[in-house]
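A.B. asks: Just passing along the structure, written as structure tokens.
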Amino acid sequence: MSHPKKPNRFRTLRLESLQTRDLMAVDFAGLLRSGDLPTYSIDGTANNASNLEWGSTNEKFLRLARSEYADGVQSIAGATAPSARAISNALADQGSQDTVSNKNLSAFVYAWGQFLDHDLTLTNTGNEVMLIQVPKGDTYFDPNGTGTVTMRTSRSAFESATGTSATNPREQVNSLSAWIDGSMVYGSDKTTSDALRTFVGGKLKMSSDGMLPLNNAANFPNGTVPQANIGIVPDDQLYAAGDVRANENIELTSLQTLFVREHNRWSDRIARENPRLNDQEIYQRARAMVIAELQAITYNEWLPAVLGNAAPGRYTGYNPNVNPGLSNEFATAAFRFGHSLLGDEIEFLDENGKPIAAAVPLSQAFFNPKVLDGKPIDSIFKYLASDPSSELDLKIVGSVRNFLFGAPGSGGFDLASLNIQRGRDHGLADYNDTRTSIGMPRIRTFADITKNRDVQEKLRQLYGSVDKIDLWIGLLAEDQLPGASVGPTTAKIIREQFERIRSADQFWYQRSFSGPLLRELDSTKLSDVLKRNTSMRNIQDNVFLFHSGIEGTVFADTNSDNRRQSRETGLGNWTIELVDSEGTLVSSVRSQPNGSYRFDVQTGIRTDDYKVRITKDPQGRLLPEPLSRNVSITRGDQWVNRVDFGVPPSRPAGGSTTSGLNSSNSLQAPLVDSVASSSMDQILSEVELRRQSRRR
Ligand code: HEM
Ligand SMILES: [Ca+2]
Ligand SMILES: [Ca+2]
Ligand SMILES: [Ca+2]
């Protein structure tokens with residue numbers, strides 16, 4: 001179905017705030033004054049006074065590179081390339097191995113990424129069928145080797161006036177406003193945004209248990225709001241929210257819920273401080289606060305976590321000449337990097353990071369809010385803050401590569417294939433042409449994309465040429481920039497987009513607010529919003545990073561006082577083990593020549609009550625009773641150091657004093673098991689004796 005352009009006359013009627021564009025930025029007192037507040041319209045129109053449609057819903061995606069349809073006009077690109085599923089099988093299958101982020105990103109990075117995406121882009125599909133060929137014998141989709149299986153989907157809707165000639169190629173349409181303006185919370189059209197409101201005290205509808213309102217007739221007497229569903233639960237058991245994808249997974253639904261709570265919290269506060277404000281005045285003020293927080297969290301915390309130094313710099317002011325429109329390359333390729341970060345399971349953790357219920361496979365959490373089953377969303381947030389993100393690479397978890405929205409054959413789909421195929425559907429230029437269009441040098445060899453030989457070889461086999469790589473694949477194949485989780489081309493596309501939606505926005509929070517209110521909004525972190533609206537207290541400041549660990553030293557405790565004096569040297573090559581609360585060995589390391597050892601996220605640290613134990617001497621001789629210390633990690637910013645193990649000096653056999661292999665106390669880690677009573681020598685000689693007796 002092509003997308004009819006909505007008539008312009010409809011729009012100029014609803015300018016909630018155009019005339020207020022020249023008002024000074026509001027401080028707290030200004031905010032509490034009655035009257036119109038300059039802020040975003042629901043459909044994004046009238047932000048730019050001379051181009052009312054800029055950034056509004058149902059605008060064509062912009063393009064960074066000229067489209068490359070097979071016929072130069074509208075037909076699907078990549079006709080001679082391998083099938084999207086073949087590419088996915090070769091490059092995106094992660095099997096059972098899960099590599100975690102090497103930048104200490106937490107799972108919150110993907111949850112926020114998806115939530116944010118639903119403020120920025122939604123491309124509706126039309127009714128032109130699009131098939132993805134499944135390679136013969138595909139383990140999941142063609143187990144019987146028929147060679148006739150296809151995955152069936154639809155091409156994206158497009159602007160009806162486009163796709164007529166090479167000078168007017170097909171252009172897809174973004175259903176959402178380009179601004180970060182809470183589209184996913186408030187909706188993108190008046191009917192939806194009104195349906196979500198109570199019209200009392202500025203508030204949004206919620207269930208009595210603090211969850212989103214169920215999308216049923218009782219809550220929505222004038223008609224429920226549009227919500228995508230795959231049929232696991234009936235429509236009226238989904239939650240209602242501003243974006244149709246709000247129930248896509250329970251992590252996303254939890255964030256949707258959090259920001260409705262935050263809106264209502266602001267409503268209460270604003271109403272309390274100025275009881276004369278009416279519902280509309282309170283609603284717009286609370287909405288402006290929430291939008292400001294979404295912007296602050298995205299630019300101050302999230303983008304730096306993902307892009308490192310490539311994140312947009314400081315705000316430099318409003319530029320009315322910039323069109324904020326989302327680029328097709330961003331929506332259809334670059335911003336889908338998040339699909340690589342997903343984990344295969346969702347856990348539910350308590351305040352200390354321990355499970356309160358069995359984990360749920362992600363593949364069962366699609367459009368299935370019942371999975372929450374009375375568990376507080378706090379427990380999902382704690383999980384998101386405590387679990388490392390999967391590595392940002394070409395590999396994608398099975399839940400979305402094989403079981404997206406159902407088992408293979410019954411709704412099962414491959415998100416990697418979809419991303420590749422969607423790029424072809426949209427006629428996205430290949431990776432190399434996209435690079436030149438954004439001012440980057442062409443690559444000449446596969447080694448210019450990545451140092452990874454295996455990926456180079458597979459790209460060569462699949463594409464044959466560096467000039468044919470599907471954009472989404474090329475972007476994910478790139479080696480990461482130093483300090484960032486994405487490669488250079490992805491970074492540039494994402495940065496360019498986030499710079500435009502900020503500088504083009506006359507309502508941008510750093511422009512609209514001033515004084516203490518601006519400072520309050522600007523310093524808001526996602527952890528603050530969590531603490532205000534849930535029972536969570538024990539949580540790291542920046543929830544997008546999980547950076548916890550345990551470290552210490554093995555040293556020669558020459559004076560046997562259980563402490564390390566400066567003259568006491570470190571002992572290398574002793575074996576230290578990390579054991580989790582279920583007694584499972586998580587990992588095992590050797591102390592460095594200076595005696596130091598460490599466990600971090602890469603060596604398996606999560607939230608748990610651990611035992612750290614020293615088990616073998618440098619000769620690999622087992623200690624019969626390994627000495628251990630208990631260390632609890634309960635949040636993502638806990639670095640427990642000085643978990644030291646002192647090895648007392650050797651003593652003559654039969655010596656009268658008993659000493660031991662001691663673990664020393666420290667302030668950071670006061671949790672110490674009892675110290676063994678037999679001397680080191682005895683332990684080792686006992687081990688020797690046992691070995692000898694076994695040999696006999
Ligand atoms: C469980 C998590 C997720 C699932 C199941 C999921 C699923 C999907 C699906 C089915 C599509 C439509 C694909 C197509 O037909 O072309 C899509 C699109 C997209 N996804 Fe995700 N996604 C998830 C998480 C994320 C994350 C973490 C991000 C970014 C950080 C992201 C960014 C996007 C973007 C930008 C699009 C294009 C949206 C549009 O313009 O319509 N997604 N996703
Ligand atoms: Ca928006
Ligand atoms: Ca990955
Ligand atoms: Ca000592």
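As shown in the structure tokens, the chain order sets the letters A, B, ...; within each chain, residues go from 1, and ligands are also counted from 1 in the order they appear.
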Write down as a PDB file with C-alpha atoms, in the first residue's frame the residues belonging to range 418-624 of chain A that are assigned helix (DSSP H, G or I) by DSSP computed on the backbone.

C.D. replies:
ATOM      1  CA  LEU A 418      14.946  -9.010   7.477  1.00  0.00           C
ATOM      2  CA  ASN A 419      17.428  -6.202   8.018  1.00  0.00           C
ATOM      3  CA  ILE A 420      19.388  -7.210   4.927  1.00  0.00           C
ATOM      4  CA  GLN A 421      16.283  -7.690   2.818  1.00  0.00           C
ATOM      5  CA  ARG A 422      14.744  -4.443   4.069  1.00  0.00           C
ATOM      6  CA  GLY A 423      17.823  -2.582   2.908  1.00  0.00           C
ATOM      7  CA  ARG A 424      17.346  -4.071  -0.562  1.00  0.00           C
ATOM      8  CA  ASP A 425      13.620  -3.286  -0.470  1.00  0.00           C
ATOM      9  CA  TYR A 431      28.297  -0.088   1.996  1.00  0.00           C
ATOM     10  CA  ASN A 432      31.040   1.461  -0.139  1.00  0.00           C
ATOM     11  CA  ASP A 433      28.798   3.899  -2.013  1.00  0.00           C
ATOM     12  CA  THR A 434      27.267   4.937   1.288  1.00  0.00           C
ATOM     13  CA  ARG A 435      30.723   5.674   2.622  1.00  0.00           C
ATOM     14  CA  THR A 436      31.615   7.962  -0.265  1.00  0.00           C
ATOM     15  CA  SER A 437      28.277   9.744   0.042  1.00  0.00           C
ATOM     16  CA  PHE A 446      37.910  -6.686   2.631  1.00  0.00           C
ATOM     17  CA  ALA A 447      40.742  -6.144   5.069  1.00  0.00           C
ATOM     18  CA  ASP A 448      39.858  -2.442   5.058  1.00  0.00           C
ATOM     19  CA  ARG A 453      40.168 -12.916   8.746  1.00  0.00           C
ATOM     20  CA  ASP A 454      37.182 -15.182   9.018  1.00  0.00           C
ATOM     21  CA  VAL A 455      34.759 -12.313   8.344  1.00  0.00           C
ATOM     22  CA  GLN A 456      36.921 -11.037   5.469  1.00  0.00           C
ATOM     23  CA  GLU A 457      36.870 -14.464   3.875  1.00  0.00           C
ATOM     24  CA  LYS A 458      33.130 -14.907   4.279  1.00  0.00           C
ATOM     25  CA  LEU A 459      32.418 -11.464   2.868  1.00  0.00           C
ATOM     26  CA  ARG A 460      34.604 -12.310  -0.098  1.00  0.00           C
ATOM     27  CA  GLN A 461      32.793 -15.589  -0.690  1.00  0.00           C
ATOM     28  CA  LEU A 462      29.351 -14.012  -0.363  1.00  0.00           C
ATOM     29  CA  TYR A 463      29.840 -10.770  -2.256  1.00  0.00           C
ATOM     30  CA  LEU A 471      24.822  -1.817   4.173  1.00  0.00           C
ATOM     31  CA  TRP A 472      23.670  -3.391   7.442  1.00  0.00           C
ATOM     32  CA  ILE A 473      26.240  -6.180   7.030  1.00  0.00           C
ATOM     33  CA  GLY A 474      29.082  -3.843   6.109  1.00  0.00           C
ATOM     34  CA  LEU A 475      28.352  -1.625   9.091  1.00  0.00           C
ATOM     35  CA  LEU A 476      28.366  -4.483  11.580  1.00  0.00           C
ATOM     36  CA  ALA A 477      31.465  -6.026  10.022  1.00  0.00           C
ATOM     37  CA  PRO A 488      33.541   4.399  11.768  1.00  0.00           C
ATOM     38  CA  THR A 489      30.746   4.381   9.183  1.00  0.00           C
ATOM     39  CA  THR A 490      28.050   3.424  11.680  1.00  0.00           C
ATOM     40  CA  ALA A 491      29.328   6.098  14.039  1.00  0.00           C
ATOM     41  CA  LYS A 492      29.162   8.755  11.357  1.00  0.00           C
ATOM     42  CA  ILE A 493      25.612   7.893  10.258  1.00  0.00           C
ATOM     43  CA  ILE A 494      24.348   7.823  13.824  1.00  0.00           C
ATOM     44  CA  ARG A 495      26.164  10.947  14.889  1.00  0.00           C
ATOM     45  CA  GLU A 496      25.009  12.887  11.839  1.00  0.00           C
ATOM     46  CA  GLN A 497      21.408  11.968  12.587  1.00  0.00           C
ATOM     47  CA  PHE A 498      21.552  12.859  16.256  1.00  0.00           C
ATOM     48  CA  GLU A 499      23.247  16.156  15.499  1.00  0.00           C
ATOM     49  CA  ARG A 500      20.502  17.074  13.053  1.00  0.00           C
ATOM     50  CA  ILE A 501      17.544  16.223  15.240  1.00  0.00           C
ATOM     51  CA  ARG A 502      19.114  18.317  17.979  1.00  0.00           C
ATOM     52  CA  SER A 503      20.204  21.423  16.094  1.00  0.00           C
ATOM     53  CA  TYR A 509      15.587  21.210  26.174  1.00  0.00           C
ATOM     54  CA  GLN A 510      18.827  23.160  26.485  1.00  0.00           C
ATOM     55  CA  ARG A 511      17.131  25.959  24.578  1.00  0.00           C
ATOM     56  CA  SER A 512      13.668  25.767  26.124  1.00  0.00           C
ATOM     57  CA  GLY A 515      18.164  28.168  35.446  1.00  0.00           C
ATOM     58  CA  PRO A 516      17.756  25.516  38.123  1.00  0.00           C
ATOM     59  CA  LEU A 517      15.143  23.670  36.106  1.00  0.00           C
ATOM     60  CA  LEU A 518      17.552  23.218  33.218  1.00  0.00           C
ATOM     61  CA  ARG A 519      20.232  22.048  35.616  1.00  0.00           C
ATOM     62  CA  GLU A 520      17.844  19.560  37.150  1.00  0.00           C
ATOM     63  CA  LEU A 521      16.781  18.206  33.766  1.00  0.00           C
ATOM     64  CA  ASP A 522      20.292  18.168  32.373  1.00  0.00           C
ATOM     65  CA  LEU A 526      18.138   7.038  33.828  1.00  0.00           C
ATOM     66  CA  SER A 527      19.079   5.743  37.272  1.00  0.00           C
ATOM     67  CA  ASP A 528      17.327   8.794  38.783  1.00  0.00           C
ATOM     68  CA  VAL A 529      14.148   8.098  36.855  1.00  0.00           C
ATOM     69  CA  LEU A 530      14.333   4.485  38.019  1.00  0.00           C
ATOM     70  CA  LYS A 531      14.809   5.440  41.650  1.00  0.00           C
ATOM     71  CA  ARG A 532      11.940   7.919  41.569  1.00  0.00           C
ATOM     72  CA  ASN A 533       9.437   5.550  40.059  1.00  0.00           C
ATOM     73  CA  VAL A 601      32.980  -8.933  33.259  1.00  0.00           C
ATOM     74  CA  GLN A 602      35.030 -10.712  30.626  1.00  0.00           C
ATOM     75  CA  THR A 603      35.995 -13.385  33.146  1.00  0.00           C
TER      76      THR A 603
END

A.B. asks: Pull the closest atom pair for each residue of range 263-355 of chain A that gets at most 10 Å from range 180-193 of chain A, along with the distance in Å to one decimal, counting only C-alpha atoms, ordering rows by chain and then ascending residue number, as CSV.

C.D. replies:
residue,atom,partner,partner_atom,distance
A:His263,CA,A:Val185,CA,9.3
A:Arg287,CA,A:Gly182,CA,8.0
A:Ala288,CA,A:Asp181,CA,8.2
A:Val290,CA,A:Gly182,CA,7.5
A:Ile291,CA,A:Asp181,CA,5.2
A:Ala292,CA,A:Asp181,CA,8.2
A:Glu293,CA,A:Gly182,CA,9.8
A:Leu294,CA,A:Ile180,CA,7.2
A:Gln295,CA,A:Ile180,CA,6.4
A:Thr298,CA,A:Ile180,CA,9.3

A.B. asks: Go ahead and dump the residues you just picked, N, CA and C atoms, as a PDB file, in the first residue's frame.

C.D. replies:
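Generated output (selection-v1.pdb):
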ATOM      1  N   HIS A 263       5.847  10.679  33.879  1.00  0.00           N
ATOM      2  CA  HIS A 263       4.944  11.760  33.461  1.00  0.00           C
ATOM      3  C   HIS A 263       3.958  12.087  34.589  1.00  0.00           C
ATOM      4  N   ARG A 287       4.781  16.720  30.088  1.00  0.00           N
ATOM      5  CA  ARG A 287       5.282  16.137  28.839  1.00  0.00           C
ATOM      6  C   ARG A 287       6.615  16.781  28.439  1.00  0.00           C
ATOM      7  N   ALA A 288       6.695  18.079  28.579  1.00  0.00           N
ATOM      8  CA  ALA A 288       7.952  18.759  28.242  1.00  0.00           C
ATOM      9  C   ALA A 288       9.103  18.294  29.145  1.00  0.00           C
ATOM     10  N   VAL A 290       9.337  15.279  30.608  1.00  0.00           N
ATOM     11  CA  VAL A 290       9.692  13.917  30.198  1.00  0.00           C
ATOM     12  C   VAL A 290      10.517  13.944  28.920  1.00  0.00           C
ATOM     13  N   ILE A 291      10.105  14.762  27.974  1.00  0.00           N
ATOM     14  CA  ILE A 291      10.852  14.864  26.715  1.00  0.00           C
ATOM     15  C   ILE A 291      12.277  15.354  26.996  1.00  0.00           C
ATOM     16  N   ALA A 292      12.394  16.348  27.857  1.00  0.00           N
ATOM     17  CA  ALA A 292      13.728  16.859  28.204  1.00  0.00           C
ATOM     18  C   ALA A 292      14.582  15.745  28.807  1.00  0.00           C
ATOM     19  N   GLU A 293      13.976  14.931  29.643  1.00  0.00           N
ATOM     20  CA  GLU A 293      14.741  13.836  30.255  1.00  0.00           C
ATOM     21  C   GLU A 293      15.152  12.796  29.221  1.00  0.00           C
ATOM     22  N   LEU A 294      14.257  12.509  28.284  1.00  0.00           N
ATOM     23  CA  LEU A 294      14.615  11.564  27.221  1.00  0.00           C
ATOM     24  C   LEU A 294      15.809  12.096  26.435  1.00  0.00           C
ATOM     25  N   GLN A 295      15.788  13.391  26.178  1.00  0.00           N
ATOM     26  CA  GLN A 295      16.898  13.994  25.429  1.00  0.00           C
ATOM     27  C   GLN A 295      18.185  13.971  26.253  1.00  0.00           C
ATOM     28  N   THR A 298      19.616  10.446  26.585  1.00  0.00           N
ATOM     29  CA  THR A 298      20.147   9.972  25.306  1.00  0.00           C
ATOM     30  C   THR A 298      21.503  10.606  24.982  1.00  0.00           C
TER      31      THR A 298
END

A.B. asks: Identify, on the basis of only C-alpha atoms, every residue whose closest approach to Ser75 in chain A does not exceed 12 Å; exclude the query and any residue fewer than 3 positions from it along the same chain; express the result as a PDB file with C-alpha atoms, in the first residue's frame.

C.D. replies:
ATOM      1  CA  SER A  67      19.143   4.899  -4.000  1.00  0.00           C
ATOM      2  CA  GLU A  68      20.275   1.788  -5.878  1.00  0.00           C
ATOM      3  CA  TYR A  69      17.126  -0.104  -6.854  1.00  0.00           C
ATOM      4  CA  ALA A  70      17.640  -2.946  -9.319  1.00  0.00           C
ATOM      5  CA  ASP A  71      15.830  -0.969 -12.025  1.00  0.00           C
ATOM      6  CA  GLY A  72      17.002   2.393 -10.779  1.00  0.00           C
ATOM      7  CA  GLY A  78      20.470  -7.268  -4.705  1.00  0.00           C
ATOM      8  CA  ALA A  79      18.751  -9.577  -7.187  1.00  0.00           C
ATOM      9  CA  GLU A 128       3.535  -6.054  -2.003  1.00  0.00           C
ATOM     10  CA  MET A 130       8.472  -9.931  -0.564  1.00  0.00           C
ATOM     11  CA  ARG A 155       7.745  -4.482   1.099  1.00  0.00           C
ATOM     12  CA  SER A 156       7.637  -1.203   2.952  1.00  0.00           C
ATOM     13  CA  GLY A 163       8.887   5.428  -7.755  1.00  0.00           C
ATOM     14  CA  THR A 164       7.843   6.682 -11.171  1.00  0.00           C
ATOM     15  CA  SER A 165      11.201   7.198 -12.861  1.00  0.00           C
ATOM     16  CA  ALA A 166      14.944   7.229 -12.311  1.00  0.00           C
ATOM     17  CA  PRO A 169      12.762   6.797  -7.318  1.00  0.00           C
ATOM     18  CA  ARG A 170      10.696   5.134  -4.646  1.00  0.00           C
ATOM     19  CA  GLU A 171      10.905   6.729  -1.200  1.00  0.00           C
ATOM     20  CA  GLY A 423      17.823  -2.582   2.908  1.00  0.00           C
ATOM     21  CA  ARG A 424      17.346  -4.071  -0.562  1.00  0.00           C
ATOM     22  CA  ASP A 425      13.620  -3.286  -0.470  1.00  0.00           C
ATOM     23  CA  HIS A 426      14.495   0.338   0.257  1.00  0.00           C
ATOM     24  CA  GLY A 427      17.150   0.387  -2.453  1.00  0.00           C
ATOM     25  CA  LEU A 428      19.827   1.382   0.044  1.00  0.00           C
TER      26      LEU A 428
END

A.B. asks: Under the rule that only C-alpha atoms and all ligand atoms are counted, which of A:Phe108, A:Tyr610, A:Phe259, A:Phe337 is the nearest residue to ligand 3?

C.D. replies: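 Using only C-alpha atoms and all ligand atoms, ligand 3 sits closest to A:Phe337.
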
A.B. asks: So, with only C-alpha atoms as the atoms that count, which of A:Ser523, A:Asn174, A:Ser56, A:Asn352 lies closest to Ala385 in chain A?

C.D. replies: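 Smallest distance to Ala385 in chain A is found for A:Asn352.
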
A.B. asks: Kindly give the distance, in Å, that separates CA of Lys468 in chain A and atom 8 (C, counted along the ligand's line) of ligand 1, rounded to a single decimal.

C.D. replies: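 The value is 24.2 Å.
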
A.B. asks: When the cut-off is 9 Å and you count only C-alpha atoms and all ligand atoms, which residues lie near ligand 3, shown as number ranges by chain?

C.D. replies: A: 92, 94, 98-101, 337-343, 389-397

A.B. asks: Between A:Glu301, A:Gly113, A:Leu176, A:Trp508, which has the minimum distance to Asn47 in chain A (counting only C-alpha atoms)?

C.D. replies: A:Trp508

A.B. asks: Which one is closest to ligand 2: A:His118, A:Lys354, A:Arg590, A:Lys103? Count only C-alpha atoms and all ligand atoms.

C.D. replies: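 Between A:His118, A:Lys354, A:Arg590, A:Lys103, the residue approaching ligand 2 most closely is A:His118.
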
A.B. asks: When you count only C-alpha atoms, which of these residues is closest to Ala218 in chain A: A:Gln237, A:Thr167, A:Thr162, A:Gln133?

C.D. replies: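 Counting only C-alpha atoms, the residue closest to Ala218 in chain A is A:Gln237.
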
A.B. asks: When you count only C-alpha atoms and all ligand atoms, which of these residues is closest to ligand 1: A:Asn124, A:Asn48, A:Gln592, A:Thr224?

C.D. replies: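 Smallest separation from ligand 1 among the options: A:Asn124.
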
A.B. asks: Could you tell me, counting only C-alpha atoms and all ligand atoms, which protein and nucleic acid residues lie no more than 10 Å from ligand 4, written as a list in words?

C.D. replies: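 Going residue by residue within 10 Å of ligand 4, we get Phe555, Ala556, Asp557, Thr558, Asn559, Ser560, Asp561, Asn562, Arg563, Arg564, Gln565, Ser566, Arg567, Glu568, Thr569, Gly646, Val647, Pro648, Asn662 and Ser664 of chain A.
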